[in-house]
Amino acid sequence: MMRCGIEICASLDASSRREWLETNGIGGFASGSVNGSNTRRYHGLLVAATKPPVGRFVLLSKLEETLICDGRTFELGTNRYPGVIHPQGFRYLKQFRLDPFPVFTFQVEEVEIEKRVFMVQGENTTVLEYDISEIRGASDVQLELRPLIAFRDYHSLTHENSSINQAMKERPGLVSVSPYVGLPELYLANDAINVEATGHWYRRFEYQAERERGLDFIEDLFNPCVLRFSLNAQSQATVIASTEPHSADAAQQYRHAEISRRTTNAQRSPLENDYVKSLTSAAEHYIVSRGDQTTVIAGYHWFSDWGRDTMISLPGLTLPTGRHDAARSILRAFAQHVDRGMLPNRFPDAGETLEYNTVDATLWFFEAVRAFLAYTGDLEFVEKHLYDILSDIIAWHVRGTRFGIRLDPTGLLSSGEPGVQLTWMDAKVGDWVVTPRQGKPVEIQALWYNAVRIMEDIAARLCDESARKRYNSMAMLTKSSFNRQMWNEKGGYLFDVVNEGPPDSSIRPNQIFAVSLPHSMLTLERATQVVSLVQQHLLTPYGLRTLAPSDPQYRGRYTGDVASRDGAYHQGTVWPWLIGPFITAYVKVNGGSESARRQAKLWLVPLKDHLEDAGLGHISEIFDGDAPHRPVGCIAQAWSVAEVLRATVEDIYGIRPHLYG
């Protein structure tokens, strides 16, 4: 259980910066700040995935909550309007906890009320329950709830308009609205004693996080009705917001099912360790359904499922936690979409044509397969569903595919065209590619070598001797050329990119993969030098910087408008997911010693503390490069959680699979 006490709840700033997140396993979510104010356009009590796991719309933004004690009104909500915070319900907020889902405890004089929020798995459904836990000194206690609806794409904002259909349908225990053509109907199952149609606009909500991101930050929301509950008579008030009709009586059943599901998930933790259990619980939120297959949401609130993120995240999210069937489904789902030897990088949010614009997602696919084999030993699955596809991928890379991706005569993999960003450092502002890495990026060579060695191993296990020999010869050539071309003898580390011009000697974290991946081309001496340099220049309490602070291009703050933020995204900003490969590399070059594992454990302490900040129970996407390393970007990122979980289990505690790899 994670708890925020009165010292956080009573502080507007502290309670605003901490956010909760509930998910439904199909891409939808509910989220907000601890104090109840919406600080982002992505906050809402029901953000429905209309084309799971994408097509997300904010249907129900929030409920305005009023407690009435013997005729006196107390507003429990908190909103930011131009120049004012109104109401200031956070002053009544006594405690917030995740137990296991968000629970808000309000103290209004001698009345204590608890609010619970959770989602139903597999549905666009959010359940809200209000319990009176204590009444003293008040003879008549009522609760009024005013739903505020947005009904818009979650990247957009709503403004007062005349095209809205204000009609409300009502039957016993159920209210529904359908304000715009083409969007789902919103059902509000309830046990209110009275429902009154209203039809009011609440104007000019301010979303502070959007203002800080340089985006539009003012929204109007529509209130179709007010729901009134007598807490003396019923002691509990229930609302089930959904795209399907429900009965409020089902809330208890849904709650018990959700608690049971989360208990089962927590038992998947490979260690009796609170940190690992927390990460195991967090991992579940990113594994979602896409049709009859499984995929990974890269991050909340605004990412969909990305090929690169999915393959990097798969080992940590699914394998130490025993989610092997999910891993099989993810691998099959993406394998079915391989085209011209490339894995799709993104399933667009609205479900349009797949995007094939990455050089590394496909290579991470091989490492995901290797890890899957290591944990499961399921060679039959790989032979039946993946081996031919993996072989074809290698063949396409040898002869050449999109964007100049092609194996050159030296055995190194070239890629890129002007104006295109193909590696994970993919920020682009207009025509400006912020980190142009055309040519031979260091981690692409490391991934390519690792992929070829993996294929050599699988071919040997399948008794495909001719393929094994071919992959062995390819790997030997790549290794020789890599050490000759990529090693910066003067600096004692690896160049970031080698092309026809002067090699890029920027100190970046990409070289760590040449050590951390299972199949490395470096001698122990060179590998140790790389780890030492990365530790000296890039390691922070929350991950690795993307560029050394000594570099003239370094940007230590991720702030400002879109162009400013994208310009800093890979120019010094800290990425927590990189701490995973760094720890793997550090433990490896130190021979897996006890002292190395103790040091690695100490490095993860700040990220453990971070679970109680920003996205509660999760690890943020990025942090500022400069101290105090403010968390920014998405509040919950799949590969941040996955790589910290994987490195903790495999490298720090030494719980490694022994079947393969």
# chains A, B, ... in the order shown; residues from 1 in each chain; ligands from 1
call {"tool": "residues_around", "arguments": {"residues": "segment 161-167 of chain A", "least_positions_apart": "3", "cutoff": "8 Å", "atoms": "only C-alpha atoms", "output": "JSON, numbers by chain"}}
result
{"A": [177, 178, 179, 180, 199, 224]}
call {"tool": "closest_atom_pairs", "arguments": {"of": "segment 544-648 of chain A", "to": "segment 3-11 of chain A", "cutoff": "12 Å", "atoms": "only C-alpha atoms", "output": "Markdown table"}}
result
| residue | atom | partner | partner_atom | distance |
| --- | --- | --- | --- | --- |
| A:Leu611 | CA | A:Arg3 | CA | 11.1 |
| A:Glu612 | CA | A:Arg3 | CA | 8.3 |
| A:Asp613 | CA | A:Cys4 | CA | 9.9 |
| A:Leu616 | CA | A:Arg3 | CA | 9.7 |
| A:Gly617 | CA | A:Arg3 | CA | 10.6 |
call {"tool": "closest_residue", "arguments": {"among": "A:Met476, A:Leu93, A:Val534, A:Ile583", "to": "Met521 of chain A", "atoms": "only C-alpha atoms"}}
result
A:Met476
call {"tool": "residues_around", "arguments": {"residues": "Phe365 of chain A", "least_positions_apart": "4", "cutoff": "7 Å", "atoms": "only C-alpha atoms", "output": "PyMOL selection string"}}
result
chain A and resi 311+361+369
call {"tool": "write_last_selection", "arguments": {"atoms": "N, CA and C atoms", "output": "compact mmCIF listing (two decimals), in the first residue's frame"}}
result
# COMPACT_ATOMS: atom_id res chain seq x y z
N MET A 311 9.46 -4.31 -27.73
CA MET A 311 10.52 -5.33 -27.72
C MET A 311 11.52 -5.11 -26.59
N ALA A 361 14.02 -1.31 -33.75
CA ALA A 361 12.92 -2.13 -33.23
C ALA A 361 13.05 -3.57 -33.71
N VAL A 369 13.19 -12.41 -28.44
CA VAL A 369 13.05 -13.84 -28.69
C VAL A 369 14.08 -14.62 -27.88
call {"tool": "residues_around", "arguments": {"residues": "segment 428-438 of chain A", "least_positions_apart": "3", "cutoff": "9 Å", "atoms": "only C-alpha atoms", "output": "PDB file with all heavy atoms, in the first residue's frame"}}
result
ATOM      1  N   SER A 414      24.549  -0.231 -42.121  1.00  0.00           N
ATOM      2  CA  SER A 414      24.329   1.182 -42.416  1.00  0.00           C
ATOM      3  C   SER A 414      22.836   1.459 -42.457  1.00  0.00           C
ATOM      4  O   SER A 414      22.033   0.585 -42.796  1.00  0.00           O
ATOM      5  CB  SER A 414      24.953   1.559 -43.763  1.00  0.00           C
ATOM      6  OG  SER A 414      26.362   1.469 -43.709  1.00  0.00           O
ATOM      7  N   SER A 415      22.479   2.697 -42.138  1.00  0.00           N
ATOM      8  CA  SER A 415      21.063   3.057 -42.187  1.00  0.00           C
ATOM      9  C   SER A 415      20.924   4.561 -42.241  1.00  0.00           C
ATOM     10  O   SER A 415      21.818   5.309 -41.836  1.00  0.00           O
ATOM     11  CB  SER A 415      20.327   2.517 -40.956  1.00  0.00           C
ATOM     12  OG  SER A 415      20.863   3.062 -39.766  1.00  0.00           O
ATOM     13  N   GLY A 416      19.787   4.989 -42.735  1.00  0.00           N
ATOM     14  CA  GLY A 416      19.460   6.405 -42.675  1.00  0.00           C
ATOM     15  C   GLY A 416      19.449   7.102 -44.005  1.00  0.00           C
ATOM     16  O   GLY A 416      20.142   6.736 -44.939  1.00  0.00           O
ATOM     17  N   GLU A 417      18.612   8.126 -44.054  1.00  0.00           N
ATOM     18  CA  GLU A 417      18.528   9.041 -45.181  1.00  0.00           C
ATOM     19  C   GLU A 417      18.397  10.443 -44.614  1.00  0.00           C
ATOM     20  O   GLU A 417      17.948  10.617 -43.472  1.00  0.00           O
ATOM     21  CB  GLU A 417      17.312   8.712 -46.050  1.00  0.00           C
ATOM     22  CG  GLU A 417      17.356   7.345 -46.700  1.00  0.00           C
ATOM     23  CD  GLU A 417      16.062   7.010 -47.430  1.00  0.00           C
ATOM     24  OE1 GLU A 417      15.097   7.806 -47.290  1.00  0.00           O
ATOM     25  OE2 GLU A 417      16.004   5.976 -48.108  1.00  0.00           O
ATOM     26  N   PRO A 418      18.773  11.471 -45.363  1.00  0.00           N
ATOM     27  CA  PRO A 418      18.631  12.840 -44.844  1.00  0.00           C
ATOM     28  C   PRO A 418      17.195  13.132 -44.429  1.00  0.00           C
ATOM     29  O   PRO A 418      16.244  12.784 -45.130  1.00  0.00           O
ATOM     30  CB  PRO A 418      19.055  13.700 -46.049  1.00  0.00           C
ATOM     31  CG  PRO A 418      19.964  12.823 -46.842  1.00  0.00           C
ATOM     32  CD  PRO A 418      19.410  11.437 -46.691  1.00  0.00           C
ATOM     33  N   GLY A 419      17.044  13.752 -43.272  1.00  0.00           N
ATOM     34  CA  GLY A 419      15.730  14.147 -42.792  1.00  0.00           C
ATOM     35  C   GLY A 419      14.944  13.061 -42.102  1.00  0.00           C
ATOM     36  O   GLY A 419      13.790  13.272 -41.726  1.00  0.00           O
ATOM     37  N   VAL A 420      15.545  11.888 -41.914  1.00  0.00           N
ATOM     38  CA  VAL A 420      14.850  10.765 -41.286  1.00  0.00           C
ATOM     39  C   VAL A 420      15.600  10.360 -40.026  1.00  0.00           C
ATOM     40  O   VAL A 420      16.828  10.304 -40.019  1.00  0.00           O
ATOM     41  CB  VAL A 420      14.753   9.557 -42.244  1.00  0.00           C
ATOM     42  CG1 VAL A 420      14.074   8.378 -41.560  1.00  0.00           C
ATOM     43  CG2 VAL A 420      14.000   9.948 -43.505  1.00  0.00           C
ATOM     44  N   GLN A 421      14.857  10.084 -38.964  1.00  0.00           N
ATOM     45  CA  GLN A 421      15.460   9.628 -37.710  1.00  0.00           C
ATOM     46  C   GLN A 421      15.004   8.204 -37.454  1.00  0.00           C
ATOM     47  O   GLN A 421      13.821   7.947 -37.277  1.00  0.00           O
ATOM     48  CB  GLN A 421      15.114  10.572 -36.548  1.00  0.00           C
ATOM     49  CG  GLN A 421      13.669  10.574 -36.087  1.00  0.00           C
ATOM     50  CD  GLN A 421      12.727  11.357 -36.989  1.00  0.00           C
ATOM     51  OE1 GLN A 421      12.945  11.490 -38.176  1.00  0.00           O
ATOM     52  NE2 GLN A 421      11.647  11.852 -36.411  1.00  0.00           N
ATOM     53  N   LEU A 422      15.948   7.255 -37.424  1.00  0.00           N
ATOM     54  CA  LEU A 422      15.597   5.839 -37.379  1.00  0.00           C
ATOM     55  C   LEU A 422      15.945   5.158 -36.066  1.00  0.00           C
ATOM     56  O   LEU A 422      15.446   4.067 -35.803  1.00  0.00           O
ATOM     57  CB  LEU A 422      16.299   5.081 -38.517  1.00  0.00           C
ATOM     58  CG  LEU A 422      15.922   5.476 -39.949  1.00  0.00           C
ATOM     59  CD1 LEU A 422      16.753   4.682 -40.943  1.00  0.00           C
ATOM     60  CD2 LEU A 422      14.440   5.243 -40.204  1.00  0.00           C
ATOM     61  N   THR A 423      16.801   5.767 -35.255  1.00  0.00           N
ATOM     62  CA  THR A 423      17.174   5.129 -33.998  1.00  0.00           C
ATOM     63  C   THR A 423      16.252   5.619 -32.886  1.00  0.00           C
ATOM     64  O   THR A 423      15.379   6.459 -33.102  1.00  0.00           O
ATOM     65  CB  THR A 423      18.635   5.435 -33.630  1.00  0.00           C
ATOM     66  OG1 THR A 423      18.761   6.800 -33.216  1.00  0.00           O
ATOM     67  CG2 THR A 423      19.573   5.158 -34.796  1.00  0.00           C
ATOM     68  N   MET A 425      16.866   7.602 -30.629  1.00  0.00           N
ATOM     69  CA  MET A 425      17.040   9.050 -30.479  1.00  0.00           C
ATOM     70  C   MET A 425      16.385   9.714 -31.687  1.00  0.00           C
ATOM     71  O   MET A 425      17.053  10.145 -32.625  1.00  0.00           O
ATOM     72  CB  MET A 425      18.520   9.400 -30.363  1.00  0.00           C
ATOM     73  CG  MET A 425      19.143   8.917 -29.070  1.00  0.00           C
ATOM     74  SD  MET A 425      20.832   9.526 -28.829  1.00  0.00           S
ATOM     75  CE  MET A 425      21.054   9.195 -27.085  1.00  0.00           C
ATOM     76  N   PRO A 441      25.330   3.779 -36.469  1.00  0.00           N
ATOM     77  CA  PRO A 441      25.237   4.056 -35.035  1.00  0.00           C
ATOM     78  C   PRO A 441      25.748   2.868 -34.226  1.00  0.00           C
ATOM     79  O   PRO A 441      25.563   1.711 -34.590  1.00  0.00           O
ATOM     80  CB  PRO A 441      23.736   4.269 -34.813  1.00  0.00           C
ATOM     81  CG  PRO A 441      23.168   4.553 -36.177  1.00  0.00           C
ATOM     82  CD  PRO A 441      24.012   3.770 -37.118  1.00  0.00           C
ATOM     83  N   ASP A 496      29.931   7.259 -31.276  1.00  0.00           N
ATOM     84  CA  ASP A 496      28.488   7.102 -31.297  1.00  0.00           C
ATOM     85  C   ASP A 496      28.000   6.745 -32.692  1.00  0.00           C
ATOM     86  O   ASP A 496      27.100   5.915 -32.847  1.00  0.00           O
ATOM     87  CB  ASP A 496      27.797   8.377 -30.812  1.00  0.00           C
ATOM     88  CG  ASP A 496      26.309   8.164 -30.581  1.00  0.00           C
ATOM     89  OD1 ASP A 496      25.973   7.314 -29.727  1.00  0.00           O
ATOM     90  OD2 ASP A 496      25.496   8.822 -31.252  1.00  0.00           O
ATOM     91  N   VAL A 497      28.556   7.369 -33.712  1.00  0.00           N
ATOM     92  CA  VAL A 497      28.191   7.078 -35.103  1.00  0.00           C
ATOM     93  C   VAL A 497      29.441   7.176 -35.960  1.00  0.00           C
ATOM     94  O   VAL A 497      30.258   8.095 -35.783  1.00  0.00           O
ATOM     95  CB  VAL A 497      27.125   8.065 -35.648  1.00  0.00           C
ATOM     96  CG1 VAL A 497      26.721   7.676 -37.070  1.00  0.00           C
ATOM     97  CG2 VAL A 497      25.899   8.115 -34.756  1.00  0.00           C
ATOM     98  N   VAL A 498      29.583   6.244 -36.879  1.00  0.00           N
ATOM     99  CA  VAL A 498      30.640   6.299 -37.876  1.00  0.00           C
ATOM    100  C   VAL A 498      29.975   6.363 -39.244  1.00  0.00           C
ATOM    101  O   VAL A 498      29.055   5.597 -39.536  1.00  0.00           O
ATOM    102  CB  VAL A 498      31.562   5.066 -37.783  1.00  0.00           C
ATOM    103  CG1 VAL A 498      32.487   4.995 -38.986  1.00  0.00           C
ATOM    104  CG2 VAL A 498      32.373   5.094 -36.496  1.00  0.00           C
ATOM    105  N   ASN A 499      30.420   7.320 -40.056  1.00  0.00           N
ATOM    106  CA  ASN A 499      29.919   7.411 -41.425  1.00  0.00           C
ATOM    107  C   ASN A 499      31.062   7.872 -42.312  1.00  0.00           C
ATOM    108  O   ASN A 499      32.237   7.741 -41.941  1.00  0.00           O
ATOM    109  CB  ASN A 499      28.698   8.332 -41.514  1.00  0.00           C
ATOM    110  CG  ASN A 499      28.917   9.656 -40.793  1.00  0.00           C
ATOM    111  OD1 ASN A 499      30.020  10.198 -40.823  1.00  0.00           O
ATOM    112  ND2 ASN A 499      27.876  10.166 -40.150  1.00  0.00           N
ATOM    113  N   ASP A 504      31.521  10.477 -35.013  1.00  0.00           N
ATOM    114  CA  ASP A 504      30.891  11.255 -33.948  1.00  0.00           C
ATOM    115  C   ASP A 504      31.412  10.752 -32.601  1.00  0.00           C
ATOM    116  O   ASP A 504      31.098   9.639 -32.176  1.00  0.00           O
ATOM    117  CB  ASP A 504      29.371  11.090 -34.029  1.00  0.00           C
ATOM    118  CG  ASP A 504      28.632  11.922 -32.983  1.00  0.00           C
ATOM    119  OD1 ASP A 504      29.297  12.553 -32.144  1.00  0.00           O
ATOM    120  OD2 ASP A 504      27.385  11.922 -33.006  1.00  0.00           O
ATOM    121  N   VAL A 562       7.002  22.818 -27.480  1.00  0.00           N
ATOM    122  CA  VAL A 562       7.310  21.536 -28.108  1.00  0.00           C
ATOM    123  C   VAL A 562       8.711  21.529 -28.700  1.00  0.00           C
ATOM    124  O   VAL A 562       9.477  20.574 -28.525  1.00  0.00           O
ATOM    125  CB  VAL A 562       6.261  21.206 -29.191  1.00  0.00           C
ATOM    126  CG1 VAL A 562       6.659  19.951 -29.957  1.00  0.00           C
ATOM    127  CG2 VAL A 562       4.879  21.024 -28.565  1.00  0.00           C
ATOM    128  N   ALA A 563       9.073  22.590 -29.408  1.00  0.00           N
ATOM    129  CA  ALA A 563      10.391  22.639 -30.045  1.00  0.00           C
ATOM    130  C   ALA A 563      11.505  22.610 -29.002  1.00  0.00           C
ATOM    131  O   ALA A 563      12.520  21.921 -29.174  1.00  0.00           O
ATOM    132  CB  ALA A 563      10.508  23.888 -30.913  1.00  0.00           C
ATOM    133  N   ASP A 566      11.574  19.005 -27.459  1.00  0.00           N
ATOM    134  CA  ASP A 566      12.127  18.021 -28.389  1.00  0.00           C
ATOM    135  C   ASP A 566      13.620  18.251 -28.615  1.00  0.00           C
ATOM    136  O   ASP A 566      14.378  17.306 -28.844  1.00  0.00           O
ATOM    137  CB  ASP A 566      11.386  18.079 -29.723  1.00  0.00           C
ATOM    138  CG  ASP A 566      10.020  17.396 -29.655  1.00  0.00           C
ATOM    139  OD1 ASP A 566       9.764  16.710 -28.637  1.00  0.00           O
ATOM    140  OD2 ASP A 566       9.220  17.547 -30.591  1.00  0.00           O
ATOM    141  N   GLY A 567      14.024  19.506 -28.531  1.00  0.00           N
ATOM    142  CA  GLY A 567      15.441  19.814 -28.686  1.00  0.00           C
ATOM    143  C   GLY A 567      16.294  19.322 -27.535  1.00  0.00           C
ATOM    144  O   GLY A 567      17.521  19.201 -27.664  1.00  0.00           O
ATOM    145  N   ALA A 568      15.668  19.027 -26.398  1.00  0.00           N
ATOM    146  CA  ALA A 568      16.399  18.528 -25.231  1.00  0.00           C
ATOM    147  C   ALA A 568      16.192  17.035 -25.000  1.00  0.00           C
ATOM    148  O   ALA A 568      16.877  16.435 -24.170  1.00  0.00           O
ATOM    149  CB  ALA A 568      15.948  19.293 -23.981  1.00  0.00           C
ATOM    150  N   TYR A 569      15.282  16.443 -25.740  1.00  0.00           N
ATOM    151  CA  TYR A 569      14.817  15.073 -25.484  1.00  0.00           C
ATOM    152  C   TYR A 569      15.966  14.058 -25.407  1.00  0.00           C
ATOM    153  O   TYR A 569      15.984  13.185 -24.534  1.00  0.00           O
ATOM    154  CB  TYR A 569      13.853  14.693 -26.600  1.00  0.00           C
ATOM    155  CG  TYR A 569      12.818  13.647 -26.271  1.00  0.00           C
ATOM    156  CD1 TYR A 569      12.235  13.535 -25.020  1.00  0.00           C
ATOM    157  CD2 TYR A 569      12.383  12.770 -27.273  1.00  0.00           C
ATOM    158  CE1 TYR A 569      11.246  12.589 -24.760  1.00  0.00           C
ATOM    159  CE2 TYR A 569      11.393  11.823 -27.032  1.00  0.00           C
ATOM    160  CZ  TYR A 569      10.842  11.741 -25.768  1.00  0.00           C
ATOM    161  OH  TYR A 569       9.864  10.802 -25.517  1.00  0.00           O
ATOM    162  N   HIS A 570      16.922  14.182 -26.334  1.00  0.00           N
ATOM    163  CA  HIS A 570      18.072  13.272 -26.353  1.00  0.00           C
ATOM    164  C   HIS A 570      19.390  14.040 -26.319  1.00  0.00           C
ATOM    165  O   HIS A 570      20.417  13.551 -26.787  1.00  0.00           O
ATOM    166  CB  HIS A 570      18.024  12.389 -27.603  1.00  0.00           C
ATOM    167  CG  HIS A 570      16.797  11.547 -27.694  1.00  0.00           C
ATOM    168  ND1 HIS A 570      15.783  11.796 -28.589  1.00  0.00           N
ATOM    169  CD2 HIS A 570      16.398  10.464 -26.976  1.00  0.00           C
ATOM    170  CE1 HIS A 570      14.824  10.896 -28.434  1.00  0.00           C
ATOM    171  NE2 HIS A 570      15.167  10.085 -27.461  1.00  0.00           N
ATOM    172  N   GLN A 571      19.347  15.215 -25.747  1.00  0.00           N
ATOM    173  CA  GLN A 571      20.547  16.056 -25.681  1.00  0.00           C
ATOM    174  C   GLN A 571      20.961  16.318 -24.231  1.00  0.00           C
ATOM    175  O   GLN A 571      21.482  17.377 -23.920  1.00  0.00           O
ATOM    176  CB  GLN A 571      20.299  17.377 -26.412  1.00  0.00           C
ATOM    177  CG  GLN A 571      20.017  17.246 -27.897  1.00  0.00           C
ATOM    178  CD  GLN A 571      21.219  16.787 -28.698  1.00  0.00           C
ATOM    179  OE1 GLN A 571      21.571  15.614 -28.699  1.00  0.00           O
ATOM    180  NE2 GLN A 571      21.886  17.721 -29.348  1.00  0.00           N
TER     181      GLN A 571
END
call {"tool": "residues_around", "arguments": {"residues": "Asp408 of chain A", "least_positions_apart": "6", "cutoff": "12 Å", "atoms": "only C-alpha atoms", "output": "list in words"}}
result
His397, Val398, Arg399, Gly400, Ser414, Ser415, Gly439, Lys440, Gln445, Met474, Leu477, Thr478, Ser481 and Asn499 of chain A
call {"tool": "closest_atom_pairs", "arguments": {"of": "segment 32-59 of chain A", "to": "segment 120-140 of chain A", "cutoff": "9 Å", "atoms": "only C-alpha atoms", "output": "JSON lines"}}
result
{"residue": "A:Leu45", "atom": "CA", "partner": "A:Thr126", "partner_atom": "CA", "distance": 6.8}
{"residue": "A:Leu46", "atom": "CA", "partner": "A:Thr126", "partner_atom": "CA", "distance": 6.2}
{"residue": "A:Val47", "atom": "CA", "partner": "A:Asn124", "partner_atom": "CA", "distance": 7.7}
{"residue": "A:Ala48", "atom": "CA", "partner": "A:Asn124", "partner_atom": "CA", "distance": 5.3}
{"residue": "A:Ala49", "atom": "CA", "partner": "A:Asn124", "partner_atom": "CA", "distance": 6.9}
{"residue": "A:Thr50", "atom": "CA", "partner": "A:Asn124", "partner_atom": "CA", "distance": 8.3}
call {"tool": "write_last_selection", "arguments": {"atoms": "N, CA, C and O atoms", "output": "PDB file, in the first residue's frame"}}
result
ATOM      1  N   LEU A  45     -11.869  10.609 -15.509  1.00  0.00           N
ATOM      2  CA  LEU A  45     -12.345   9.414 -14.810  1.00  0.00           C
ATOM      3  C   LEU A  45     -12.667   8.280 -15.771  1.00  0.00           C
ATOM      4  O   LEU A  45     -12.677   7.117 -15.376  1.00  0.00           O
ATOM      5  N   LEU A  46     -12.932   8.602 -17.027  1.00  0.00           N
ATOM      6  CA  LEU A  46     -13.110   7.559 -18.035  1.00  0.00           C
ATOM      7  C   LEU A  46     -12.519   8.035 -19.355  1.00  0.00           C
ATOM      8  O   LEU A  46     -13.122   8.842 -20.069  1.00  0.00           O
ATOM      9  N   VAL A  47     -11.321   7.547 -19.643  1.00  0.00           N
ATOM     10  CA  VAL A  47     -10.687   7.763 -20.944  1.00  0.00           C
ATOM     11  C   VAL A  47     -10.812   6.432 -21.677  1.00  0.00           C
ATOM     12  O   VAL A  47     -10.072   5.483 -21.413  1.00  0.00           O
ATOM     13  N   ALA A  48     -11.791   6.359 -22.553  1.00  0.00           N
ATOM     14  CA  ALA A  48     -12.167   5.089 -23.176  1.00  0.00           C
ATOM     15  C   ALA A  48     -11.343   4.821 -24.429  1.00  0.00           C
ATOM     16  O   ALA A  48     -11.089   5.729 -25.224  1.00  0.00           O
ATOM     17  N   ALA A  49     -10.921   3.562 -24.584  1.00  0.00           N
ATOM     18  CA  ALA A  49     -10.258   3.123 -25.814  1.00  0.00           C
ATOM     19  C   ALA A  49     -11.346   2.620 -26.760  1.00  0.00           C
ATOM     20  O   ALA A  49     -11.854   1.509 -26.601  1.00  0.00           O
ATOM     21  N   THR A  50     -11.706   3.444 -27.732  1.00  0.00           N
ATOM     22  CA  THR A  50     -12.830   3.101 -28.607  1.00  0.00           C
ATOM     23  C   THR A  50     -12.434   2.115 -29.705  1.00  0.00           C
ATOM     24  O   THR A  50     -13.289   1.465 -30.300  1.00  0.00           O
TER      25      THR A  50
END
call {"tool": "residues_around", "arguments": {"residues": "Tyr81 of chain A", "least_positions_apart": "4", "cutoff": "12 Å", "atoms": "only C-alpha atoms", "output": "PyMOL selection string"}}
result
chain A and resi 37-39+85-88+202-208+217-220
call {"tool": "atom_distance", "arguments": {"atom1": "atom CA of Arg597 of chain A", "atom2": "atom CA of Asp651 of chain A"}}
result
7.0 Å
call {"tool": "closest_residue", "arguments": {"among": "A:Pro576, A:Pro549, A:Pro147, A:Gly77", "to": "Val239 of chain A", "atoms": "only C-alpha atoms"}}
result
A:Pro147
call {"tool": "select_by_dssp", "arguments": {"residues": "segment 73-219 of chain A", "states": "helix (DSSP H, G or I)", "output": "number ranges by chain"}}
result
A: 89-92, 208-212
call {"tool": "write_last_selection", "arguments": {"atoms": "N, CA, C and O atoms", "output": "mmCIF file, in the first residue's frame"}}
result
data_model
loop_
_atom_site.group_PDB
_atom_site.id
_atom_site.type_symbol
_atom_site.label_atom_id
_atom_site.label_comp_id
_atom_site.auth_asym_id
_atom_site.auth_seq_id
_atom_site.Cartn_x
_atom_site.Cartn_y
_atom_site.Cartn_z
ATOM 1 N N GLY A 89 -11.072 21.815 -2.189
ATOM 2 C CA GLY A 89 -11.402 20.614 -1.444
ATOM 3 C C GLY A 89 -10.205 19.867 -0.904
ATOM 4 O O GLY A 89 -10.343 19.041 0.007
ATOM 5 N N PHE A 90 -9.019 20.148 -1.462
ATOM 6 C CA PHE A 90 -7.812 19.480 -0.949
ATOM 7 C C PHE A 90 -7.593 19.793 0.527
ATOM 8 O O PHE A 90 -6.905 19.037 1.230
ATOM 9 N N ARG A 91 -8.182 20.886 1.016
ATOM 10 C CA ARG A 91 -8.034 21.224 2.438
ATOM 11 C C ARG A 91 -8.778 20.230 3.338
ATOM 12 O O ARG A 91 -8.492 20.145 4.536
ATOM 13 N N TYR A 92 -9.722 19.493 2.757
ATOM 14 C CA TYR A 92 -10.432 18.464 3.520
ATOM 15 C C TYR A 92 -9.823 17.074 3.320
ATOM 16 O O TYR A 92 -10.252 16.111 3.952
ATOM 17 N N GLN A 208 -2.418 22.993 -15.693
ATOM 18 C CA GLN A 208 -1.101 23.564 -15.487
ATOM 19 C C GLN A 208 -0.005 22.801 -16.230
ATOM 20 O O GLN A 208 0.932 23.401 -16.765
ATOM 21 N N ALA A 209 -0.096 21.475 -16.271
ATOM 22 C CA ALA A 209 0.935 20.690 -16.961
ATOM 23 C C ALA A 209 0.977 21.015 -18.446
ATOM 24 O O ALA A 209 2.052 21.025 -19.060
ATOM 25 N N GLU A 210 -0.182 21.292 -19.038
ATOM 26 C CA GLU A 210 -0.220 21.642 -20.461
ATOM 27 C C GLU A 210 0.354 23.040 -20.694
ATOM 28 O O GLU A 210 1.024 23.288 -21.708
ATOM 29 N N ARG A 211 0.093 23.948 -19.770
ATOM 30 C CA ARG A 211 0.687 25.286 -19.869
ATOM 31 C C ARG A 211 2.208 25.175 -19.868
ATOM 32 O O ARG A 211 2.903 25.817 -20.669
ATOM 33 N N GLU A 212 2.742 24.348 -18.972
ATOM 34 C CA GLU A 212 4.191 24.182 -18.878
ATOM 35 C C GLU A 212 4.774 23.535 -20.122
ATOM 36 O O GLU A 212 5.941 23.754 -20.449
#
call {"tool": "residues_around", "arguments": {"residues": "Ser176 of chain A", "least_positions_apart": "6", "cutoff": "12 Å", "atoms": "only C-alpha atoms", "output": "list of chain:residue names"}}
result
A:Leu59, A:Leu60, A:Pro147, A:Ile149, A:Asn165, A:Gln166, A:Ala167, A:Met168, A:Lys169, A:Glu170, A:Pro184, A:Glu185, A:Leu186, A:Tyr187, A:Leu188, A:Ala189, A:Asn190, A:Val195, A:Ala197, A:Pro224, A:Cys225, A:Ile240, A:Ala241, A:Ser242, A:Thr243, A:Glu244, A:Pro245, A:His246
call {"tool": "select_by_dssp", "arguments": {"residues": "segment 323-504 of chain A", "states": "strand (DSSP E or B)", "output": "PyMOL selection string"}}
result
chain A and resi 339+342+346+355+406-407+413-415+428-429+432-433+439-441+487-488+493-494+497-498+504
call {"tool": "closest_residue", "arguments": {"among": "A:Val181, A:Val359, A:Ile619, A:Ile287", "to": "Asp325 of chain A", "atoms": "only C-alpha atoms"}}
result
A:Ile287
call {"tool": "closest_residue", "arguments": {"among": "A:Leu67, A:Cys634, A:Val382, A:Met342", "to": "Arg402 of chain A", "atoms": "only C-alpha atoms"}}
result
A:Met342
call {"tool": "atom_distance", "arguments": {"atom1": "atom CA of Ala596 of chain A", "atom2": "atom CA of Thr528 of chain A"}}
result
12.9 Å
